[in-house]
>>> print(open('target.csv').read())   # CSV, C-alpha atoms and all ligand atoms
chain,number,residue,atom,x,y,z
A,1,MET,CA,0.0,0.0,0.0
A,2,PRO,CA,1.5,3.4,-0.9
A,3,GLU,CA,2.3,5.7,2.0
A,4,LYS,CA,-0.1,8.5,3.0
A,5,ASN,CA,2.5,10.7,4.6
A,6,ASN,CA,5.1,11.2,1.9
A,7,SER,CA,7.5,13.3,4.0
A,8,VAL,CA,11.1,12.0,4.3
A,9,ALA,CA,14.2,12.7,6.3
A,10,VAL,CA,17.7,12.5,4.8
A,11,LEU,CA,20.7,12.1,7.1
A,12,GLY,CA,24.1,12.8,5.6
A,13,LEU,CA,24.5,15.5,3.0
A,14,GLY,CA,27.7,14.7,1.2
A,15,LEU,CA,27.8,14.7,-2.5
A,16,MET,CA,25.3,11.8,-2.7
A,17,GLY,CA,23.1,12.7,0.2
A,18,THR,CA,22.7,16.2,-1.2
A,19,ALA,CA,21.7,14.8,-4.7
A,20,LEU,CA,19.2,12.5,-3.0
A,21,ALA,CA,17.6,15.3,-0.9
A,22,SER,CA,17.5,17.6,-3.9
A,23,ALA,CA,15.7,14.9,-6.0
A,24,LEU,CA,13.1,14.4,-3.3
A,25,LEU,CA,12.5,18.1,-3.1
A,26,LYS,CA,12.1,18.4,-6.8
A,27,ALA,CA,9.6,15.5,-6.7
A,28,GLY,CA,7.5,17.5,-4.2
A,29,HIS,CA,8.4,15.6,-1.0
A,30,ASP,CA,8.4,17.4,2.4
A,31,THR,CA,12.1,16.8,3.1
A,32,THR,CA,13.9,17.3,6.4
A,33,VAL,CA,17.7,17.2,6.2
A,34,TRP,CA,20.5,16.8,8.8
A,35,ASN,CA,24.2,16.8,8.4
A,36,ARG,CA,27.1,16.6,10.9
A,37,THR,CA,28.5,19.7,9.3
A,38,ALA,CA,25.4,21.9,9.5
A,39,ALA,CA,26.5,24.4,6.8
A,40,LYS,CA,25.8,21.8,4.2
A,41,THR,CA,22.0,22.1,4.8
A,42,GLY,CA,22.1,25.7,3.4
A,43,PRO,CA,21.7,25.0,-0.3
A,44,LEU,CA,19.0,22.5,0.3
A,45,ALA,CA,17.1,24.8,2.7
A,46,ALA,CA,17.2,27.3,-0.2
A,47,GLN,CA,15.4,24.6,-2.3
A,48,GLY,CA,12.7,24.2,0.4
A,49,ALA,CA,14.2,21.6,2.7
A,50,ARG,CA,13.7,21.8,6.5
A,51,PRO,CA,17.1,21.7,8.2
A,52,ALA,CA,17.0,19.8,11.5
A,53,GLU,CA,19.3,20.7,14.3
A,54,THR,CA,19.6,17.2,15.7
A,55,VAL,CA,19.4,13.7,14.3
A,56,THR,CA,16.4,13.0,16.6
A,57,GLU,CA,14.6,16.1,15.2
A,58,ALA,CA,15.2,14.8,11.7
A,59,VAL,CA,14.1,11.3,12.4
A,60,GLU,CA,10.9,12.4,14.2
A,61,ALA,CA,9.9,14.5,11.1
A,62,ALA,CA,9.1,11.6,8.8
A,63,PRO,CA,8.0,7.9,8.5
A,64,LEU,CA,10.9,7.3,6.1
A,65,VAL,CA,14.5,8.0,7.0
A,66,ILE,CA,17.2,7.8,4.4
A,67,VAL,CA,20.8,7.7,5.6
A,68,CYS,CA,23.9,8.1,3.3
A,69,LEU,CA,27.2,8.4,5.2
A,70,THR,CA,30.8,7.5,4.4
A,71,SER,CA,30.6,4.0,6.0
A,72,ASN,CA,28.3,1.7,8.0
A,73,ASP,CA,30.3,1.9,11.2
A,74,ARG,CA,29.5,5.6,11.2
A,75,VAL,CA,25.9,4.9,10.4
A,76,ARG,CA,25.8,2.5,13.4
A,77,ALA,CA,27.5,5.0,15.7
A,78,LEU,CA,25.1,7.8,14.6
A,79,LEU,CA,21.9,5.8,14.8
A,80,GLU,CA,22.3,3.5,17.8
A,81,PRO,CA,21.3,6.3,20.2
A,82,GLU,CA,18.3,7.1,17.9
A,83,ALA,CA,16.7,3.7,18.2
A,84,PRO,CA,13.7,5.0,20.3
A,85,ALA,CA,13.0,7.8,17.8
A,86,LEU,CA,13.4,5.4,14.8
A,87,ALA,CA,11.0,2.7,16.2
A,88,GLY,CA,8.0,2.3,14.0
A,89,ARG,CA,9.7,4.1,11.1
A,90,THR,CA,11.4,2.8,8.0
A,91,LEU,CA,15.2,3.2,7.7
A,92,VAL,CA,16.7,3.1,4.2
A,93,ASN,CA,20.5,2.8,4.4
A,94,LEU,CA,22.1,3.9,1.1
A,95,THR,CA,25.7,3.8,2.5
A,96,ASN,CA,28.2,1.6,0.7
A,97,GLY,CA,28.9,-1.5,2.8
A,98,THR,CA,29.2,-5.3,3.0
A,99,PRO,CA,26.4,-7.9,3.1
A,100,GLY,CA,27.5,-8.8,6.6
A,101,GLN,CA,27.2,-5.1,7.8
A,102,ALA,CA,23.8,-4.9,6.2
A,103,ARG,CA,22.6,-8.0,8.0
A,104,GLU,CA,24.0,-6.8,11.3
A,105,LEU,CA,22.2,-3.4,10.9
A,106,ALA,CA,19.0,-5.2,9.9
A,107,ASP,CA,19.2,-7.4,13.1
A,108,TRP,CA,19.8,-4.3,15.2
A,109,ALA,CA,16.9,-2.5,13.6
A,110,THR,CA,14.5,-5.4,14.0
A,111,GLU,CA,15.3,-5.7,17.7
A,112,HIS,CA,14.2,-2.1,18.0
A,113,GLY,CA,11.1,-2.2,15.9
A,114,ILE,CA,12.6,-0.4,13.0
A,115,ALA,CA,11.8,-1.5,9.4
A,116,TYR,CA,15.3,-1.8,7.7
A,117,ILE,CA,15.9,-1.6,4.0
A,118,ASP,CA,19.4,-1.7,2.7
A,119,GLY,CA,20.3,-0.1,-0.6
A,120,GLY,CA,23.1,0.1,-3.2
A,121,ILE,CA,23.2,3.1,-5.4
A,122,MET,CA,24.2,2.3,-9.0
A,123,ALA,CA,24.9,5.9,-10.0
A,124,VAL,CA,27.1,8.9,-9.3
A,125,PRO,CA,25.5,12.0,-7.7
A,126,GLN,CA,25.0,13.7,-11.1
A,127,MET,CA,23.0,10.7,-12.3
A,128,ILE,CA,20.4,10.8,-9.5
A,129,ALA,CA,16.9,11.2,-10.8
A,130,THR,CA,18.0,10.7,-14.4
A,131,PRO,CA,17.4,7.8,-16.8
A,132,GLY,CA,20.0,5.0,-16.3
A,133,ALA,CA,20.4,5.5,-12.6
A,134,TYR,CA,19.0,2.7,-10.4
A,135,ILE,CA,19.1,1.7,-6.7
A,136,LEU,CA,19.1,-1.9,-5.5
A,137,TYR,CA,17.1,-2.6,-2.4
A,138,SER,CA,16.7,-5.6,-0.1
A,139,GLY,CA,15.4,-6.4,3.4
A,140,THR,CA,13.2,-8.7,5.4
A,141,ASP,CA,10.2,-6.2,5.4
A,142,GLU,CA,9.1,-6.2,1.8
A,143,GLN,CA,5.9,-4.5,2.8
A,144,ALA,CA,7.8,-1.4,4.1
A,145,TYR,CA,9.6,-1.3,0.8
A,146,ALA,CA,6.3,-1.5,-1.1
A,147,THR,CA,4.9,1.3,1.1
A,148,HIS,CA,7.8,3.7,0.4
A,149,ARG,CA,8.7,2.7,-3.1
A,150,PRO,CA,6.8,5.7,-4.6
A,151,THR,CA,9.0,8.0,-2.6
A,152,LEU,CA,12.2,6.1,-3.4
A,153,ALA,CA,11.3,6.1,-7.1
A,154,ALA,CA,12.1,9.9,-7.1
A,155,LEU,CA,15.7,9.1,-6.6
A,156,ALA,CA,16.3,6.5,-9.3
A,157,GLU,CA,14.7,3.4,-10.8
A,158,THR,CA,14.1,0.9,-8.0
A,159,LYS,CA,15.3,-2.7,-8.2
A,160,TRP,CA,14.2,-5.1,-5.4
A,161,VAL,CA,16.7,-8.0,-5.0
A,162,GLY,CA,15.2,-10.0,-2.2
A,163,LYS,CA,14.5,-10.5,1.5
A,164,ASP,CA,18.1,-11.1,2.6
A,165,PRO,CA,19.2,-7.7,3.9
A,166,GLY,CA,22.7,-8.4,2.6
A,167,ALA,CA,21.5,-8.9,-1.0
A,168,ALA,CA,21.6,-5.3,-2.2
A,169,ALA,CA,25.2,-4.9,-0.9
A,170,LEU,CA,26.2,-8.1,-2.6
A,171,TYR,CA,24.8,-7.1,-5.9
A,172,ASP,CA,26.2,-3.6,-5.5
A,173,LEU,CA,29.7,-4.8,-4.7
A,174,SER,CA,29.5,-7.4,-7.5
A,175,LEU,CA,28.6,-4.6,-10.0
A,176,LEU,CA,31.3,-2.3,-8.6
A,177,THR,CA,33.8,-5.2,-8.8
A,178,GLY,CA,33.3,-5.3,-12.6
A,179,MET,CA,33.6,-1.5,-12.7
A,180,TYR,CA,36.9,-1.5,-10.8
A,181,GLY,CA,38.4,-4.2,-13.0
A,182,MET,CA,37.5,-2.0,-16.0
A,183,VAL,CA,38.9,1.1,-14.3
A,184,MET,CA,42.3,-0.6,-13.7
A,185,GLY,CA,42.4,-1.8,-17.3
A,186,VAL,CA,41.6,1.7,-18.6
A,187,ALA,CA,44.1,3.3,-16.3
A,188,GLN,CA,46.9,0.9,-17.4
A,189,ALA,CA,45.9,1.5,-21.1
A,190,TYR,CA,46.2,5.3,-20.7
A,191,ALA,CA,49.5,4.8,-18.9
A,192,LEU,CA,50.9,2.6,-21.7
A,193,ILE,CA,49.8,4.8,-24.6
A,194,GLY,CA,50.7,7.9,-22.7
A,195,SER,CA,54.2,6.6,-22.1
A,196,ALA,CA,54.8,7.0,-25.9
A,197,GLY,CA,53.5,10.6,-25.8
A,198,VAL,CA,50.0,9.9,-27.3
A,199,PRO,CA,47.5,12.3,-25.7
A,200,ALA,CA,44.8,10.5,-23.8
A,201,ARG,CA,42.1,12.5,-25.6
A,202,GLU,CA,43.3,11.2,-28.9
A,203,PHE,CA,43.3,7.6,-27.7
A,204,ALA,CA,40.0,7.8,-25.9
A,205,PRO,CA,37.6,7.1,-28.8
A,206,LEU,CA,39.5,3.9,-29.7
A,207,LEU,CA,39.6,2.7,-26.1
A,208,LYS,CA,35.9,3.5,-25.5
A,209,ASP,CA,34.7,1.6,-28.5
A,210,TRP,CA,37.1,-1.3,-27.9
A,211,VAL,CA,36.0,-1.7,-24.2
A,212,HIS,CA,32.4,-1.4,-25.2
A,213,ALA,CA,32.7,-4.0,-28.0
A,214,MET,CA,34.6,-6.5,-25.8
A,215,THR,CA,32.2,-6.2,-22.8
A,216,ALA,CA,29.1,-6.4,-25.0
A,217,GLY,CA,30.1,-10.0,-26.0
A,218,LEU,CA,32.2,-11.0,-23.0
A,219,VAL,CA,29.7,-10.4,-20.2
A,220,PRO,CA,26.8,-12.5,-21.6
A,221,GLY,CA,29.2,-15.0,-23.1
A,222,MET,CA,30.9,-15.7,-19.7
A,223,ALA,CA,27.5,-15.9,-18.0
A,224,GLU,CA,26.4,-18.6,-20.5
A,225,ALA,CA,29.6,-20.6,-20.0
A,226,LEU,CA,29.4,-20.3,-16.2
A,227,ASP,CA,25.8,-21.4,-15.9
A,228,SER,CA,26.2,-24.3,-18.4
A,229,GLY,CA,29.6,-25.4,-17.1
A,230,ARG,CA,30.8,-25.4,-20.7
A,231,HIS,CA,34.1,-23.4,-20.8
A,232,LEU,CA,35.7,-24.8,-23.9
A,233,THR,CA,36.2,-22.0,-26.4
A,234,ASP,CA,36.7,-21.3,-30.0
A,235,VAL,CA,37.3,-17.6,-29.3
A,236,SER,CA,40.4,-17.2,-27.2
A,237,SER,CA,41.9,-20.0,-25.0
A,238,LEU,CA,43.6,-19.6,-21.7
A,239,ALA,CA,46.8,-21.0,-23.3
A,240,VAL,CA,46.8,-18.2,-25.8
A,241,ASN,CA,46.2,-15.6,-23.2
A,242,GLN,CA,48.9,-17.1,-20.9
A,243,ALA,CA,51.4,-17.0,-23.8
A,244,ALA,CA,50.5,-13.3,-24.6
A,245,LEU,CA,50.5,-11.9,-21.1
A,246,PRO,CA,54.3,-11.7,-20.7
A,247,ASN,CA,54.3,-9.3,-23.7
A,248,PHE,CA,52.2,-6.9,-21.7
A,249,LEU,CA,54.3,-7.2,-18.6
A,250,ASP,CA,57.5,-6.7,-20.6
A,251,ALA,CA,56.1,-3.7,-22.5
A,252,PHE,CA,55.0,-2.1,-19.3
A,253,THR,CA,58.5,-2.5,-17.9
A,254,GLN,CA,60.2,-1.3,-21.1
A,255,GLN,CA,57.9,1.8,-21.1
A,256,GLY,CA,58.9,2.6,-17.5
A,257,LEU,CA,55.5,1.5,-16.0
A,258,SER,CA,54.5,-0.6,-13.0
A,259,THR,CA,53.3,-4.2,-13.7
A,260,GLU,CA,51.5,-4.5,-10.3
A,261,LEU,CA,48.0,-4.3,-11.8
A,262,PHE,CA,48.5,-7.1,-14.3
A,263,GLU,CA,50.8,-9.6,-12.4
A,264,PRO,CA,47.8,-11.2,-10.6
A,265,LEU,CA,46.3,-11.9,-14.0
A,266,GLN,CA,49.5,-13.7,-15.0
A,267,THR,CA,49.4,-15.7,-11.7
A,268,LEU,CA,45.8,-16.7,-12.3
A,269,LEU,CA,46.4,-17.7,-16.0
A,270,ASP,CA,49.4,-19.8,-15.0
A,271,ARG,CA,47.4,-21.6,-12.3
A,272,ALA,CA,44.5,-22.2,-14.7
A,273,VAL,CA,46.8,-23.8,-17.3
A,274,ASP,CA,48.6,-25.8,-14.7
A,275,GLU,CA,45.3,-27.2,-13.5
A,276,GLY,CA,44.5,-28.4,-17.0
A,277,TYR,CA,42.3,-25.7,-18.4
A,278,ALA,CA,44.5,-24.6,-21.3
A,279,ALA,CA,41.7,-25.1,-23.9
A,280,ASP,CA,39.0,-23.3,-21.9
A,281,GLY,CA,38.0,-19.7,-22.3
A,282,LEU,CA,38.3,-16.8,-19.9
A,283,SER,CA,35.1,-17.8,-18.2
A,284,ARG,CA,37.1,-20.6,-16.4
A,285,LEU,CA,38.9,-17.9,-14.4
A,286,ALA,CA,35.7,-17.1,-12.5
A,287,THR,CA,35.6,-20.6,-11.2
A,288,LEU,CA,39.2,-20.5,-10.0
A,289,ILE,CA,38.8,-17.4,-7.8
A,290,LYS,CA,37.3,-19.3,-4.8
A,291,LYS,CA,39.6,-18.9,-1.8
A,292,ASP,CA,39.7,-22.6,-1.0
A,293,ARG,CA,41.2,-23.3,-4.4
A,294,ILE,CA,44.3,-21.2,-3.7
B,301,LIG,N1,29.7,9.7,-4.7
B,301,LIG,C1,29.5,8.6,-5.4
B,301,LIG,O1,29.7,8.6,-6.6
B,301,LIG,C2,29.1,7.3,-4.8
B,301,LIG,C3,28.1,6.6,-5.7
B,301,LIG,C4,27.5,5.3,-5.1
B,301,LIG,C5,27.2,5.4,-3.6
B,301,LIG,N2,28.3,6.1,-2.9
B,301,LIG,C6,28.3,5.9,-1.5
B,301,LIG,O2,27.5,6.9,-0.9
B,301,LIG,C7,28.0,7.2,0.4
B,301,LIG,C8,28.2,8.7,0.6
B,301,LIG,O3,29.1,9.1,-0.4
B,301,LIG,P1,29.3,10.6,-0.7
B,301,LIG,O4,29.9,10.7,-2.1
B,301,LIG,O5,28.1,11.4,-0.4
B,301,LIG,O6,30.5,11.0,0.3
B,301,LIG,P2,30.9,12.4,0.9
B,301,LIG,O7,30.6,13.5,0.0
B,301,LIG,O8,32.3,12.2,1.4
B,301,LIG,O9,29.9,12.6,2.2
B,301,LIG,C9,30.0,11.8,3.3
B,301,LIG,C10,28.9,12.1,4.3
B,301,LIG,O10,29.0,11.3,5.5
B,301,LIG,C11,29.0,12.2,6.6
B,301,LIG,N3,29.7,11.6,7.7
B,301,LIG,C12,31.0,11.0,7.7
B,301,LIG,N4,31.3,10.6,8.9
B,301,LIG,C13,30.3,10.9,9.7
B,301,LIG,C14,30.0,10.6,11.1
B,301,LIG,N5,30.9,10.0,11.8
B,301,LIG,N6,28.9,11.1,11.6
B,301,LIG,C15,28.0,11.7,10.8
B,301,LIG,N7,28.1,11.9,9.5
B,301,LIG,C16,29.3,11.5,8.9
B,301,LIG,C17,29.6,13.4,6.1
B,301,LIG,O11,29.3,14.5,7.0
B,301,LIG,P3,30.2,15.9,7.0
B,301,LIG,O12,31.7,15.4,6.8
B,301,LIG,O13,29.7,16.7,5.9
B,301,LIG,O14,30.0,16.4,8.3
B,301,LIG,C18,28.9,13.6,4.7
B,301,LIG,O15,27.6,14.0,4.9
B,301,LIG,C19,29.3,6.4,0.6
B,301,LIG,O16,29.0,5.2,1.3
B,301,LIG,C20,29.6,6.0,-0.8
B,301,LIG,O17,30.4,4.9,-1.0
B,301,LIG,C21,28.7,7.4,-3.4
>>> encode(input="target.csv", output="structure tokens")
Amino acid sequence: MPEKNNSVAVLGLGLMGTALASALLKAGHDTTVWNRTAAKTGPLAAQGARPAETVTEAVEAAPLVIVCLTSNDRVRALLEPEAPALAGRTLVNLTNGTPGQARELADWATEHGIAYIDGGIMAVPQMIATPGAYILYSGTDEQAYATHRPTLAALAETKWVGKDPGAAALYDLSLLTGMYGMVMGVAQAYALIGSAGVPAREFAPLLKDWVHAMTAGLVPGMAEALDSGRHLTDVSSLAVNQAALPNFLDAFTQQGLSTELFEPLQTLLDRAVDEGYAADGLSRLATLIKKDRI
């Protein structure tokens, strides 16, 4: 059932919290804001937000409380004393964290009669309330999510990923893992081409199109191989990749660059081939990352 009182409180007005509060205001929500450094409430107050002087005052202003701080240990430290004020309300935590932290916060919230929803924001602040941005949500109280979903939809597309409070964080970290792998590759590519004096801006269109073309095929292709268990490839075997990788490491060294980002890939390829997977494709690597195999 959609909420009747659509007011909302936002705790934490960093880059992301400010974007979230601003989106809520633009969508017409009665928005109360609190930040440790009070001066950050100013621009939002100018947009119509109500600045609260204390966390308690902010929490008591709305049935839905959104928190977005640097880390979950800070969320816990901030909100533990607020349990009586939060009781009977819904707490949506959009702070980046681990599945374990989310489950612990959910247990704490449940003990105190607080409906807890964990979230993972798949957007940068500038993308909030624009197409392409989405937020993953999970938690034991799916009814609380259904109640507040219309408000949350003002921030970004909503994606519910299940009743395990840790699920949103797991999806979030998995998606960010793919992004960080790509960031490392892009950083190394710019360093290599830049070592020969080629301006990054000149190389960027080639790199962008190449990464896009490769991921467009690789991501679904690997998924198919992993789910079917069929890793044999007619595209690019682990043996071929293992043989090629020293060329990269040597070139980095010759160009005066560090090899630290790519050495782990050589280690993993060597192990894969040693274990008999030379004819398999790159999807096999995902099966070798489990800790008990090292
Ligand atoms: N910015 C981004 O692109 C990413 C996108 C995906 C989601 N992340 C996560 O969002 C969380 C907040 O990130 P942020 O970019 O808003 O971070 P900051 O601008 O540095 O703001 C941090 C806010 O946290 C407040 N804060 C820090 N420690 C405490 C504390 N002990 N008690 C109360 N508040 C605290 C800080 O307050 P202040 O420094 O202004 O007083 C800011 O409001 C984060 O989990 C990202 O991973 C963003």
>>> residues_near_ligand(input="target.csv", ligand="ligand LIG 301 (chain B)", cutoff="6 Å", atoms="all atoms listed in the file", output="VMD selection string")
chain A and resid 12 to 17 35 to 37 68 to 71 74 78 95 to 96 121 to 125
>>> residues_around(input="target.csv", residues="A:Gly185", least_positions_apart="6", cutoff="10 Å", atoms="all atoms listed in the file", output="list of chain:residue names")
A:Met179, A:Ala191, A:Val211, A:Leu261, A:Phe262
>>> residues_around(input="target.csv", residues="A:Leu25", least_positions_apart="4", cutoff="9 Å", atoms="all atoms listed in the file", output="list in words")
Leu20, Ala21, His29, Asp30, Thr31, Leu44, Gln47, Gly48 and Ala49 of chain A
>>> closest_residue(input="target.csv", among="A:Pro43, A:Pro63, A:Gly28, A:Pro84", to="A:Ala9", atoms="all atoms listed in the file")
A:Pro63
>>> atom_distance(input="target.csv", atom1="atom CA of A:Glu202", atom2="atom CA of A:Phe252")
20.1 Å
>>> atom_distance(input="target.csv", atom1="atom CA of A:Pro205", atom2="atom CA of A:Ser174")
27.0 Å
>>> atom_distance(input="target.csv", atom1="atom CA of A:Leu285", atom2="atom CA of A:Gly181")
13.8 Å
>>> residues_around(input="target.csv", residues="A:Gln266", least_positions_apart="5", cutoff="8 Å", atoms="all atoms listed in the file", output="JSON, numbers by chain")
{"A": [242, 245, 246]}
>>> residues_around(input="target.csv", residues="stretch 136-142 of chain A", least_positions_apart="2", cutoff="10 Å", atoms="all atoms listed in the file", output="PyMOL selection string")
chain A and resi 90+92-94+102-103+106-107+110+114-122+134+144-147+149+156-172
>>> closest_residue(input="target.csv", among="A:Leu105, A:Leu257, A:Ala239, A:Ala133", to="A:Ala196", atoms="all atoms listed in the file")
A:Leu257
>>> closest_residue(input="target.csv", among="A:Ala272, A:Gly221, A:Glu263, A:Asn72", to="A:Gly100", atoms="all atoms listed in the file")
A:Asn72
>>> residues_around(input="target.csv", residues="A:Asp274", least_positions_apart="5", cutoff="12 Å", atoms="all atoms listed in the file", output="list in words")
Leu238, Ala239, Gln242, Thr267, Leu268, Leu269, Ala279 and Leu288 of chain A
>>> closest_residue(input="target.csv", among="A:Gly113, A:Gly194, A:Gly178, A:Gly281", to="A:Gly229", atoms="only C-alpha atoms")
A:Gly281
